[in-house]
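Read the structure below first, then the notes.
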Amino acid sequence: MSTFNLGGQFTFPGTSLTVRRMGYGAMQLAGRDGSKLVWGPPRDIDGAIAILREAVASGVNHIDTSDFYGPHITNQLIRRALHPYPEDLVIVTKISARRGPDGSWIPAISPEELTQAVHDNLRNLGLDVLDVVNLRSMLGIHGPAEGSLEGPLATLAQLREKGLIRHIGLSNVTRKQFEDALKMVPIVCVQNAYNIAHRADDPLIDQLEKERIAYVPFFPLGGFNLLQSAALSDVAQSLNATPMQVALAWLLQRSSNMLLIPGTSSVEHLRENLAAAELRLPPDALKVLDQLASGTDAAQD
Ligand SMILES: NC(=O)c1ccc[n+]([C@@H]2O[C@H](COP(=O)([O-])OP(=O)(O)OC[C@H]3O[C@@H](n4cnc5c(N)ncnc54)[C@H](OP(=O)(O)O)[C@@H]3O)[C@@H](O)[C@H]2O)c1
């Protein structure tokens with residue numbers, strides 16, 4: 001029997017893929033080149049490999065990635081660190097953008113571009129089939145924007161029929177886009193920006209929980225603007241935890257379909273984040289933390 005808990009397990013609906021709820025987001029493993037974020041190799045390649053190996057050795061079996069991190073570099077690091085992959089490891093990737101030479105994120109949603117992206121992910125990860133591919137809407141770069149995703153979703157469905165993808169998820173989508181997508185193809189997860197201070201997706205999360213579809217928040221710690229709040233720090237101190245642990249524990253307690261993929265380039269932070277799965281937030285702490293939703297006490301976008 002496994003000794004790892006990491007928030008318990010979750011099975012993606014209609015699949016045989018079961019993961020522990022505390023996973024790892026690999027975006028922070030890519031480097032940075034001036035203003036080009038998530039670009040180039042990390043400064044410490046051995047350190048990046050060590051983080052991936054420690055995550056898996058600690059029980060993480062859900063890794064979120066994309067071939068546009070680096071570009072290509074994060075996937076190549078995952079392959080170098082972990083291939084041949086443990087049988088229970090689920091690697092979730094996302095497609096629909098390419099990187100410009102200036103580091104920009106350019107929509108790439110034609111059938112040819114999406115097909116190329118799937119082949120790039122397969123090659124860089126060293127896989128014959130991708131477990132889960134999220135269609136990341138580029139209609140809005142910084143947040144969801146309404147518009148049809150029918151064309152790119154139809155391409156993903158075809159790639160699934162061809163056997164290159166097992167399951168399909170969505171990212172950066174509105175509730176309407178999720179509902180429209182569900183009429184076309186089974187959706188196993190939705191990945192949108194959400195955290196203790198940024199809760200616009202609350203109604204969507206409740207809906208997904210009823211349908212047992214995973215909700216996977218990106219920027220769970222605030223992303224490029226780390227969460228900062230006096231209330232968060234006070235609660236953390238009272239529980240002998242760190243503010244980031246409280247932010248992650250809050251997400252795990254928020255709903256049973258919440259899967260976490262906090263990103264870090266530091267082994268110490270990885271350990272701290274995984275340990276957050278052991279933290280139980282009592283009702284009085286939850287009451288204080290609920291007030292962060294208004295954004296009045298939390299500095300985050
Ligand atoms: N679908 C999408 O459009 C989309 C967009 C963005 C991200 N994602 C995915 O979501 C994952 C998570 O998002 P994210 O990595 O951008 O943001 P995040 O997890 O909210 O935060 C990452 C930041 O938090 C810091 N951090 C991590 N653990 C910490 C700790 N214990 N104490 C203090 N600082 C800590 C990291 O710095 P250190 O490296 O120094 O620890 C990094 O700067 C990504 O890795 C990626 O896989 C998806």
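Every chain in the structure tokens has a letter given in the order shown (A, B, ...), and although residue numbers restart at 1 in each chain, ligands are simply numbered from 1 in the order shown.
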Skipping near chain neighbours, those fewer than 6 positions away, what residues fall within 12 Å of Arg175 in chain A using only C-alpha atoms, listed as a list in words?
Pro144, Ala145, Glu146, Gly147, Ala181, Leu182, Val190, Gln191, Asn192, Ala200, Asp201, Asp202, Pro203, Leu204, Ile205, Asp206, Gln207 and Leu208 of chain A
Looking only at the backbone, which of the residues in range 73-247 of chain A does DSSP tag as alpha helix (DSSP H), as a ChimeraX atom specification?
/A:73-82,111-125,150-161,175-184,202-210,230-238,243-247
Taking only C-alpha atoms and all ligand atoms into account, which residues have an atom no farther than 8 Å from ligand 1? I'd like them as JSON, numbers by chain.
{"A": [24, 25, 26, 27, 28, 29, 63, 64, 65, 66, 94, 134, 136, 171, 172, 191, 192, 193, 195, 217, 218, 219, 220, 221, 222, 223, 224, 225, 226, 242, 243, 244, 245, 261, 262, 263, 264, 265, 266, 267, 268, 269, 270, 271, 272, 273]}
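One finds CA of Gly143 in chain A at 9.1 Å from CA of Thr174 in chain A.
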Determine, for each residue of range 59-131 of chain A having at least one atom at most 7 Å from an atom of range 151-168 of chain A, the closest pair of atoms and their separation in Å to one decimal, counting only C-alpha atoms; order by chain and ascending number, as JSON lines.
```
{"residue": "A:Ile109", "atom": "CA", "partner": "A:Pro152", "partner_atom": "CA", "distance": 5.9}
{"residue": "A:Ser110", "atom": "CA", "partner": "A:Pro152", "partner_atom": "CA", "distance": 6.9}
{"residue": "A:Pro111", "atom": "CA", "partner": "A:Thr155", "partner_atom": "CA", "distance": 5.8}
{"residue": "A:Asp128", "atom": "CA", "partner": "A:Leu164", "partner_atom": "CA", "distance": 7.0}
{"residue": "A:Val129", "atom": "CA", "partner": "A:Leu164", "partner_atom": "CA", "distance": 4.7}
{"residue": "A:Leu130", "atom": "CA", "partner": "A:Ile165", "partner_atom": "CA", "distance": 4.7}
{"residue": "A:Asp131", "atom": "CA", "partner": "A:Arg166", "partner_atom": "CA", "distance": 4.9}
```
Could you save those same residues with N, CA and C atoms as a short mmCIF file (atom, residue, chain, number, x, y, z; two decimals), in the first residue's frame?
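Resulting contents of part.cif:
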```cif
data_model
loop_
_atom_site.label_atom_id
_atom_site.label_comp_id
_atom_site.auth_asym_id
_atom_site.auth_seq_id
_atom_site.Cartn_x
_atom_site.Cartn_y
_atom_site.Cartn_z
N ILE A 109 -3.43 27.68 -33.65
CA ILE A 109 -4.58 26.79 -33.49
C ILE A 109 -5.09 26.20 -34.80
N SER A 110 -4.35 26.36 -35.88
CA SER A 110 -4.79 25.71 -37.11
C SER A 110 -4.61 24.21 -36.93
N PRO A 111 -5.33 23.38 -37.73
CA PRO A 111 -5.15 21.93 -37.59
C PRO A 111 -3.69 21.52 -37.73
N ASP A 128 4.49 7.75 -26.82
CA ASP A 128 3.75 7.37 -28.03
C ASP A 128 2.35 7.96 -28.02
N VAL A 129 1.87 8.25 -26.82
CA VAL A 129 0.52 8.82 -26.69
C VAL A 129 0.53 9.76 -25.47
N LEU A 130 -0.20 10.87 -25.60
CA LEU A 130 -0.26 11.84 -24.49
C LEU A 130 -1.49 11.54 -23.64
N ASP A 131 -1.31 11.42 -22.32
CA ASP A 131 -2.43 11.07 -21.44
C ASP A 131 -3.55 12.11 -21.50
#
```
Once DSSP has gone over the backbone, tell me which residues of range 77-196 of chain A are in strand (DSSP E), as a PyMOL selection string.
chain A and resi 90-95+97-99+105-107+130-136+165-171+187-191
Between CA of Ala30 in chain A and CA of Ala50 in chain A, what is the spacing in Å?
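Interatomic distance, CA of Ala50 in chain A to CA of Ala30 in chain A: 13.9 Å.
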Measuring atom to atom with only C-alpha atoms, identify which of A:Asn5, A:Ser148, A:Asn121, A:Ser58 is nearest to Lys176 in chain A.
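Comparing A:Asn5, A:Ser148, A:Asn121, A:Ser58 against Lys176 in chain A, the winner is A:Ser148.
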Would you compute the distance between CA of His62 in chain A and CA of Gly169 in chain A? Give it in Å to one decimal.
14.2 Å
Residues within 12 Å of Leu77 in chain A, only C-alpha atoms, excluding chain neighbours under 2 positions, as a ChimeraX atom specification
/A:26-31,40-42,44-53,65-67,69-75,79-83,124-126
Restricting to only C-alpha atoms, whichever of A:Phe4, A:Ser233, A:Pro13, A:Ile106 is closest to Glu278 in chain A is A:Phe4
